[in-house]
>>> print(open('coords25.tsv').read())   # TSV, C-alpha atoms and all ligand atoms
chain	number	residue	atom	x	y	z
A	1	MET	CA	17.29	-1.38	5.33
A	2	LYS	CA	18.88	-3.13	2.38
A	3	ASN	CA	22.48	-3.84	1.51
A	4	PHE	CA	22.61	-4.95	-2.15
A	5	ILE	CA	26.35	-5.55	-2.32
A	6	GLU	CA	26.30	-9.34	-1.96
A	7	GLU	CA	23.94	-9.53	-4.97
A	8	TYR	CA	26.53	-7.96	-7.28
A	9	LYS	CA	29.08	-10.69	-6.60
A	10	GLU	CA	27.79	-12.85	-9.42
A	11	ARG	CA	27.06	-10.02	-11.85
A	12	TYR	CA	29.55	-8.12	-13.97
A	13	ILE	CA	28.84	-4.41	-13.72
A	14	ASP	CA	31.29	-1.75	-14.71
A	15	GLU	CA	29.23	1.23	-15.71
A	16	GLY	CA	26.39	3.45	-14.69
A	17	GLU	CA	25.26	4.28	-11.20
A	18	VAL	CA	24.89	1.36	-8.83
A	19	LEU	CA	22.79	1.56	-5.67
A	20	LEU	CA	24.71	-0.37	-3.00
A	21	TYR	CA	22.70	0.40	0.11
A	22	GLU	CA	19.33	1.90	0.94
A	23	ASP	CA	17.60	2.72	4.20
A	24	GLY	CA	14.73	5.13	3.58
A	25	ASP	CA	16.30	8.44	2.52
A	26	HIS	CA	19.83	7.26	3.27
A	27	LYS	CA	21.50	5.75	0.21
A	28	ILE	CA	24.98	4.83	-0.94
A	29	TYR	CA	25.96	4.54	-4.61
A	30	TRP	CA	28.97	3.49	-6.61
A	31	VAL	CA	29.28	6.19	-9.27
A	32	GLY	CA	32.32	5.15	-11.25
A	33	ILE	CA	34.69	5.67	-12.80
A	34	GLU	CA	34.90	3.71	-16.07
A	35	GLU	CA	38.60	3.89	-16.63
A	36	GLU	CA	40.54	1.49	-18.84
A	37	SER	CA	43.38	0.91	-16.43
A	38	ALA	CA	44.25	-1.56	-13.70
A	39	PHE	CA	44.49	1.43	-11.34
A	40	ARG	CA	40.89	2.48	-11.97
A	41	CYS	CA	39.34	4.60	-9.27
A	42	ASN	CA	36.05	4.17	-7.45
A	43	VAL	CA	33.89	7.13	-6.53
A	44	TYR	CA	31.02	6.78	-4.09
A	45	LEU	CA	28.04	8.98	-3.29
A	46	ILE	CA	26.29	9.14	0.07
A	47	VAL	CA	22.79	10.60	-0.14
A	48	ASP	CA	20.89	11.51	3.00
A	49	GLY	CA	17.60	13.27	2.27
A	50	ASP	CA	18.49	16.64	0.76
A	51	GLU	CA	22.18	16.35	1.56
A	52	ALA	CA	24.78	14.43	-0.38
A	53	LEU	CA	28.53	13.88	-0.01
A	54	ILE	CA	30.93	12.54	-2.62
A	55	VAL	CA	33.60	10.20	-1.31
A	56	ASP	CA	36.94	10.67	-3.13
A	57	PRO	CA	35.62	12.48	-6.27
A	58	GLY	CA	38.82	11.77	-8.16
A	59	SER	CA	40.58	13.22	-11.14
A	60	ARG	CA	39.64	16.28	-13.20
A	61	LEU	CA	39.79	13.99	-16.26
A	62	TYR	CA	36.52	12.35	-15.26
A	63	HIS	CA	34.82	15.32	-13.62
A	64	GLU	CA	32.21	15.89	-16.36
A	65	GLU	CA	31.27	12.22	-16.42
A	66	LEU	CA	30.98	12.12	-12.63
A	67	LYS	CA	29.02	15.37	-12.49
A	68	ASN	CA	26.46	13.98	-14.96
A	69	ARG	CA	26.03	10.79	-12.97
A	70	VAL	CA	25.65	12.61	-9.67
A	71	ASP	CA	23.21	15.03	-11.27
A	72	LYS	CA	21.07	12.11	-12.47
A	73	ILE	CA	20.86	10.70	-8.93
A	74	VAL	CA	20.43	13.78	-6.73
A	75	GLY	CA	21.08	16.99	-8.67
A	76	ILE	CA	24.48	18.58	-8.20
A	77	GLU	CA	23.05	21.37	-6.05
A	78	LYS	CA	22.55	18.76	-3.30
A	79	ILE	CA	26.27	18.08	-3.00
A	80	LYS	CA	27.22	19.64	0.33
A	81	GLY	CA	30.66	18.19	0.73
A	82	LEU	CA	33.56	16.12	-0.55
A	83	ILE	CA	35.27	13.58	1.65
A	84	LEU	CA	38.94	13.48	0.63
A	85	CYS	CA	40.80	10.63	2.33
A	86	HIS	CA	44.14	12.19	1.32
A	87	GLN	CA	45.40	14.62	-1.30
A	88	ASP	CA	46.53	12.36	-4.15
A	89	PRO	CA	45.33	13.58	-7.58
A	90	ASP	CA	43.38	10.37	-8.22
A	91	VAL	CA	41.37	11.19	-5.07
A	92	ALA	CA	41.17	14.94	-4.87
A	93	SER	CA	42.20	16.98	-7.93
A	94	SER	CA	38.61	17.57	-9.12
A	95	MET	CA	37.87	19.43	-5.88
A	96	VAL	CA	38.59	22.67	-7.74
A	97	ASP	CA	35.79	21.92	-10.21
A	98	TRP	CA	33.33	21.17	-7.39
A	99	ILE	CA	34.29	24.42	-5.63
A	100	ASP	CA	33.59	26.25	-8.92
A	101	ILE	CA	30.09	24.71	-8.94
A	102	ASN	CA	29.43	25.46	-5.27
A	103	PRO	CA	31.83	27.78	-3.40
A	104	ASP	CA	30.12	26.81	-0.12
A	105	ILE	CA	30.90	23.11	-0.48
A	106	GLN	CA	32.65	21.57	2.52
A	107	ILE	CA	36.01	19.92	2.03
A	108	ILE	CA	35.98	17.17	4.61
A	109	THR	CA	39.51	16.04	5.28
A	110	SER	CA	42.39	15.77	7.74
A	111	ALA	CA	44.58	18.67	8.85
A	112	ARG	CA	47.64	17.23	7.07
A	113	THR	CA	45.72	16.79	3.83
A	114	ASN	CA	44.35	20.31	4.10
A	115	VAL	CA	47.87	21.72	4.06
A	116	LEU	CA	48.43	20.28	0.58
A	117	LEU	CA	45.04	20.66	-1.14
A	118	PRO	CA	45.38	24.39	-1.97
A	119	TYR	CA	48.20	23.47	-4.37
A	120	TYR	CA	45.50	22.27	-6.79
A	121	GLY	CA	44.71	25.96	-7.21
A	122	ARG	CA	41.94	26.77	-4.71
A	123	GLY	CA	42.52	27.42	-1.02
A	124	ASP	CA	39.38	29.51	-0.46
A	125	TYR	CA	37.10	26.69	0.67
A	126	ASN	CA	35.19	25.60	3.77
A	127	PHE	CA	37.41	23.12	5.56
A	128	TYR	CA	35.77	20.48	7.76
A	129	ASN	CA	38.61	19.22	9.92
A	130	VAL	CA	38.19	15.51	10.64
A	131	SER	CA	41.25	15.58	12.88
A	132	GLU	CA	39.32	17.84	15.29
A	133	ASN	CA	35.77	16.66	14.48
A	134	PRO	CA	35.92	12.88	14.14
A	135	THR	CA	32.24	12.61	13.17
A	136	TYR	CA	29.91	14.20	10.63
A	137	THR	CA	26.19	14.29	11.38
A	138	PHE	CA	23.61	14.67	8.61
A	139	GLN	CA	20.44	16.67	9.30
A	140	SER	CA	18.64	13.33	9.64
A	141	GLY	CA	20.89	12.42	12.58
A	142	LYS	CA	22.80	9.76	10.63
A	143	VAL	CA	26.49	9.80	11.50
A	144	LEU	CA	29.77	9.23	9.70
A	145	LYS	CA	32.79	8.40	11.83
A	146	PHE	CA	36.29	9.26	10.65
A	147	ILE	CA	39.08	6.85	11.58
A	148	GLU	CA	42.65	8.01	11.12
A	149	ALA	CA	44.94	5.64	9.23
A	150	PRO	CA	48.42	7.08	9.62
A	151	PHE	CA	50.93	6.16	6.89
A	152	LEU	CA	48.40	4.09	4.92
A	153	HIS	CA	49.79	5.48	2.76
A	154	PHE	CA	49.82	9.23	3.52
A	155	PRO	CA	50.64	10.34	7.10
A	156	GLY	CA	47.27	12.13	7.30
A	157	ALA	CA	45.15	9.44	5.61
A	158	PHE	CA	41.79	8.55	7.17
A	159	THR	CA	38.82	6.30	6.47
A	160	THR	CA	35.10	6.93	6.87
A	161	LEU	CA	32.63	4.58	8.56
A	162	ASP	CA	28.92	5.02	7.93
A	163	ILE	CA	27.72	4.04	11.38
A	164	ASP	CA	24.15	3.05	10.44
A	165	ALA	CA	24.94	1.41	7.12
A	166	HIS	CA	27.99	-0.37	8.61
A	167	ILE	CA	29.92	0.54	5.48
A	168	LEU	CA	33.59	1.52	5.55
A	169	PHE	CA	34.95	3.86	2.86
A	170	SER	CA	38.57	2.83	3.09
A	171	GLY	CA	40.38	4.99	0.52
A	172	ASP	CA	43.65	3.37	-0.57
A	173	ILE	CA	43.45	0.78	2.21
A	174	PHE	CA	42.07	-2.54	0.92
A	175	ALA	CA	42.66	-1.22	-2.60
A	176	ALA	CA	43.59	-3.62	-5.37
A	177	ILE	CA	45.11	-3.42	-8.83
A	178	ASP	CA	43.17	-5.55	-11.23
A	179	ILE	CA	42.68	-5.75	-15.03
A	180	ASP	CA	39.66	-8.08	-14.68
A	181	TRP	CA	37.84	-5.68	-12.44
A	182	ASN	CA	34.58	-6.76	-10.89
A	183	LEU	CA	32.34	-4.51	-8.77
A	184	VAL	CA	32.37	-6.93	-5.82
A	185	VAL	CA	35.04	-9.49	-4.89
A	186	ASN	CA	33.87	-13.05	-5.58
A	187	ASN	CA	37.07	-14.92	-4.78
A	188	PHE	CA	38.97	-13.39	-1.87
A	189	GLU	CA	41.94	-15.77	-2.12
A	190	LEU	CA	42.61	-14.59	-5.68
A	191	HIS	CA	41.81	-11.01	-4.73
A	192	LYS	CA	44.60	-11.03	-2.14
A	193	ASN	CA	47.12	-11.13	-5.01
A	194	ASN	CA	45.55	-7.98	-6.44
A	195	MET	CA	45.68	-6.33	-3.01
A	196	ASP	CA	49.35	-7.34	-2.68
A	197	LEU	CA	50.16	-5.49	-5.91
A	198	PHE	CA	48.98	-2.29	-4.26
A	199	HIS	CA	49.73	-2.71	-0.57
A	200	LYS	CA	53.29	-4.04	-0.76
A	201	ASP	CA	54.40	-1.00	-2.76
A	202	TYR	CA	52.26	1.76	-1.25
A	203	MET	CA	51.64	1.01	2.40
A	204	ALA	CA	54.31	2.10	4.85
A	205	SER	CA	54.85	-0.89	7.12
A	206	HIS	CA	53.45	-3.83	9.04
A	207	ILE	CA	53.06	-1.66	12.16
A	208	ALA	CA	51.04	0.93	10.25
A	209	ALA	CA	48.74	-1.78	8.86
A	210	LYS	CA	48.37	-3.66	12.14
A	211	GLY	CA	47.73	-0.46	14.08
A	212	TYR	CA	44.89	0.51	11.78
A	213	ALA	CA	43.48	-3.05	11.81
A	214	ARG	CA	43.28	-2.79	15.61
A	215	LYS	CA	41.22	0.38	15.29
A	216	ILE	CA	38.57	-1.25	13.10
A	217	GLU	CA	38.52	-4.88	14.25
A	218	ASN	CA	35.72	-4.27	16.76
A	219	GLU	CA	33.62	-2.04	14.52
A	220	GLU	CA	30.51	-3.45	12.92
A	221	ILE	CA	31.36	-3.49	9.20
A	222	ASP	CA	29.14	-5.06	6.53
A	223	ALA	CA	31.16	-3.91	3.51
A	224	ILE	CA	34.46	-2.24	2.63
A	225	LEU	CA	34.42	0.24	-0.25
A	226	PRO	CA	37.99	0.99	-1.40
A	227	GLN	CA	39.12	3.69	-3.82
A	228	HIS	CA	40.69	1.15	-6.22
A	229	GLY	CA	39.63	-2.40	-7.02
A	230	SER	CA	36.58	-4.38	-6.04
A	231	ILE	CA	34.23	-3.83	-3.11
A	232	ILE	CA	34.63	-6.32	-0.26
A	233	SER	CA	31.29	-7.72	0.90
A	234	LYS	CA	30.37	-8.85	4.40
A	235	GLU	CA	31.54	-12.45	4.08
A	236	ASN	CA	35.11	-11.24	3.45
A	237	VAL	CA	35.39	-8.31	5.87
A	238	LYS	CA	37.04	-10.48	8.53
A	239	ASN	CA	39.43	-11.93	5.92
A	240	ALA	CA	40.31	-8.43	4.80
A	241	ILE	CA	41.13	-7.27	8.34
A	242	GLU	CA	43.23	-10.41	8.84
A	243	TYR	CA	45.05	-9.60	5.60
A	244	LEU	CA	45.99	-6.22	7.06
A	245	GLN	CA	47.04	-7.75	10.39
A	246	ASN	CA	49.50	-10.04	8.61
A	247	LEU	CA	50.68	-7.65	5.92
A	248	GLN	CA	54.39	-7.20	5.28
A	249	CYS	CA	54.82	-4.15	3.08
A	250	GLY	CA	56.76	-1.01	2.26
A	251	LEU	CA	59.69	-0.55	4.63
A	252	ASP	CA	59.44	-4.16	5.90
A	253	ILE	CA	60.42	-5.25	2.40
A	254	ILE	CA	62.75	-2.44	1.35
A	255	TYR	CA	64.81	-2.58	4.56
A	256	ALA	CA	64.26	-6.23	5.45
A	257	ASP	CA	67.91	-6.54	6.53
A	258	LEU	CA	67.40	-3.94	9.30
A	259	LYS	CA	64.79	-5.97	11.18
A	301	FE	FE	46.97	7.49	-2.69
A	302	FE	FE	44.40	6.05	-4.70
>>> encode(input="coords25.tsv", output="structure tokens", more="lines below")
Ligand SMILES: [Fe+2]
Ligand SMILES: [Fe+2]
Amino acid sequence: MKNFIEEYKERYIDEGEVLLYEDGDHKIYWVGIEEESAFRCNVYLIVDGDEALIVDPGSRLYHEELKNRVDKIVGIEKIKGLILCHQDPDVASSMVDWIDINPDIQIITSARTNVLLPYYGRGDYNFYNVSENPTYTFQSGKVLKFIEAPFLHFPGAFTTLDIDAHILFSGDIFAAIDIDWNLVVNNFELHKNNMDLFHKDYMASHIAAKGYARKIENEEIDAILPQHGSIISKENVKNAIEYLQNLQCGLDIIYADLK
């Protein structure tokens, strides 16, 4: 078993496919996207033998680029599902293109997200309901656990924990806005400012953040892979959870006088 994430802390990487974790046939990759904006989106690929899932495949703008990268790693016919942590276009709009490639693909998401996804133009898909089935088991027996994250920022948002790899795919939670993007955080104190730029505006409230932090504080987590901004490696996981526990955001700020 090998987690390579710590090694990327000192290296600037912003393109190509990056292997983050490997344990036999179970692998996790960062697969992009190279986007010239501070809001740039991360897409991840989980490969398990002959099965692969894309985590938050993102916008239609980058679909061709992503498809080529995924094809290089596993072949697009191996993509069995898309994990969509909520319905925002930067997370989910390319789902229609993936359904065109494989009409049997599973759309792995929450019930609340599933209500909205058909508005991208395709409602005729296989829905894997994480609200009713809080785990996903690969043929190998490896398990993903879905952890609901209400109002961070969408009411039906959820995160995905790879139980064996100890890797948390956190969606917009722990996201950061950053011009000087680096694959892995190397200075968490500075990174907190970048997280503030996202969390204070997008996340609902202190209670929402603290409630979710309570759900994950006893999980074994070796890395946090957010949908925006740098990956958080093991040495900063505790700091990141503490950040969430202390966060004042959203309604706490907008309606501060009502407290
Ligand atoms: Fe979002
Ligand atoms: Fe996002």
>>> residues_near_ligand(input="coords25.tsv", ligand="ligand FE 301 (chain A)", cutoff="10 Å", atoms="only C-alpha atoms and all ligand atoms", output="PyMOL selection string")
chain A and resi 85-92+152-154+157+171-173+175+202-203+227-228
>>> residues_around(input="coords25.tsv", residues="Asn236 in chain A", least_positions_apart="5", cutoff="10 Å", atoms="all atoms listed in the file", output="count of residues only")
11
>>> closest_residue(input="coords25.tsv", among="A:Thr160, A:Ser170, A:Thr109, A:Thr137", to="ligand FE 302 (chain A)", atoms="only C-alpha atoms and all ligand atoms")
A:Ser170
>>> closest_residue(input="coords25.tsv", among="A:Glu17, A:Glu10, A:Asp23, A:Asp56", to="ligand FE 302 (chain A)", atoms="all atoms listed in the file")
A:Asp56
>>> closest_residue(input="coords25.tsv", among="A:Val96, A:Ala176, A:Val18, A:Leu117", to="ligand FE 302 (chain A)", atoms="only C-alpha atoms and all ligand atoms")
A:Ala176
>>> closest_residue(input="coords25.tsv", among="A:Ala52, A:Gly211, A:Pro226, A:Glu148", to="ligand FE 302 (chain A)", atoms="all atoms listed in the file")
A:Pro226
>>> residues_near_point(input="coords25.tsv", point="(38.7, 4.4, -12.7)", cutoff="10 Å", atoms="all atoms listed in the file", output="list of chain:residue names")
A:Asp14, A:Gly32, A:Ile33, A:Glu34, A:Glu35, A:Glu36, A:Ser37, A:Ala38, A:Phe39, A:Arg40, A:Cys41, A:Asn42, A:Val43, A:Gly58, A:Ser59, A:Tyr62, A:Asp90, A:Gln227, A:His228, A:Gly229
>>> residues_around(input="coords25.tsv", residues="Arg122 in chain A", least_positions_apart="4", cutoff="10 Å", atoms="all atoms listed in the file", output="list of chain:residue names")
A:Met95, A:Val96, A:Asp97, A:Ile99, A:Asp100, A:Leu117, A:Pro118
>>> closest_residue(input="coords25.tsv", among="A:Ile5, A:Ile177, A:Leu247, A:Ile107", to="ligand FE 302 (chain A)", atoms="all atoms listed in the file")
A:Ile177
>>> closest_residue(input="coords25.tsv", among="A:Phe127, A:Phe174, A:Thr135, A:Glu64", to="ligand FE 302 (chain A)", atoms="all atoms listed in the file")
A:Phe174
>>> atom_distance(input="coords25.tsv", atom1="CA of Tyr243 in chain A", atom2="CA of Val143 in chain A")
27.5 Å
>>> atom_distance(input="coords25.tsv", atom1="CA of His206 in chain A", atom2="CA of Asn246 in chain A")
7.4 Å
>>> residues_around(input="coords25.tsv", residues="Leu190 in chain A", least_positions_apart="6", cutoff="12 Å", atoms="all atoms listed in the file", output="list of chain:residue names")
A:Ala176, A:Ile177, A:Asp178, A:Asp180, A:Asp196, A:Leu197, A:Ser230
>>> residues_around(input="coords25.tsv", residues="Gly250 in chain A", least_positions_apart="3", cutoff="9 Å", atoms="all atoms listed in the file", output="PyMOL selection string")
chain A and resi 199-206+253-255
>>> write_last_selection(input="coords25.tsv", atoms="C-alpha atoms", output="PDB file, in the frame of the given file")
ATOM      1  CA  HIS A 199      49.730  -2.710  -0.570  1.00  0.00           C
ATOM      2  CA  LYS A 200      53.290  -4.040  -0.760  1.00  0.00           C
ATOM      3  CA  ASP A 201      54.400  -1.000  -2.760  1.00  0.00           C
ATOM      4  CA  TYR A 202      52.260   1.760  -1.250  1.00  0.00           C
ATOM      5  CA  MET A 203      51.640   1.010   2.400  1.00  0.00           C
ATOM      6  CA  ALA A 204      54.310   2.100   4.850  1.00  0.00           C
ATOM      7  CA  SER A 205      54.850  -0.890   7.120  1.00  0.00           C
ATOM      8  CA  HIS A 206      53.450  -3.830   9.040  1.00  0.00           C
ATOM      9  CA  ILE A 253      60.420  -5.250   2.400  1.00  0.00           C
ATOM     10  CA  ILE A 254      62.750  -2.440   1.350  1.00  0.00           C
ATOM     11  CA  TYR A 255      64.810  -2.580   4.560  1.00  0.00           C
TER      12      TYR A 255
END
>>> atom_distance(input="coords25.tsv", atom1="CA of Ile163 in chain A", atom2="CA of Val47 in chain A")
14.1 Å
>>> residues_around(input="coords25.tsv", residues="Asp25 in chain A", least_positions_apart="3", cutoff="9 Å", atoms="only C-alpha atoms", output="JSON, numbers by chain")
{"A": [22, 47, 48, 49, 50, 140]}
>>> residues_near_point(input="coords25.tsv", point="(24.4, 22.1, 1.5)", cutoff="10 Å", atoms="all atoms listed in the file", output="VMD selection string")
chain A and resid 50 to 53 77 to 81 102 104 to 106
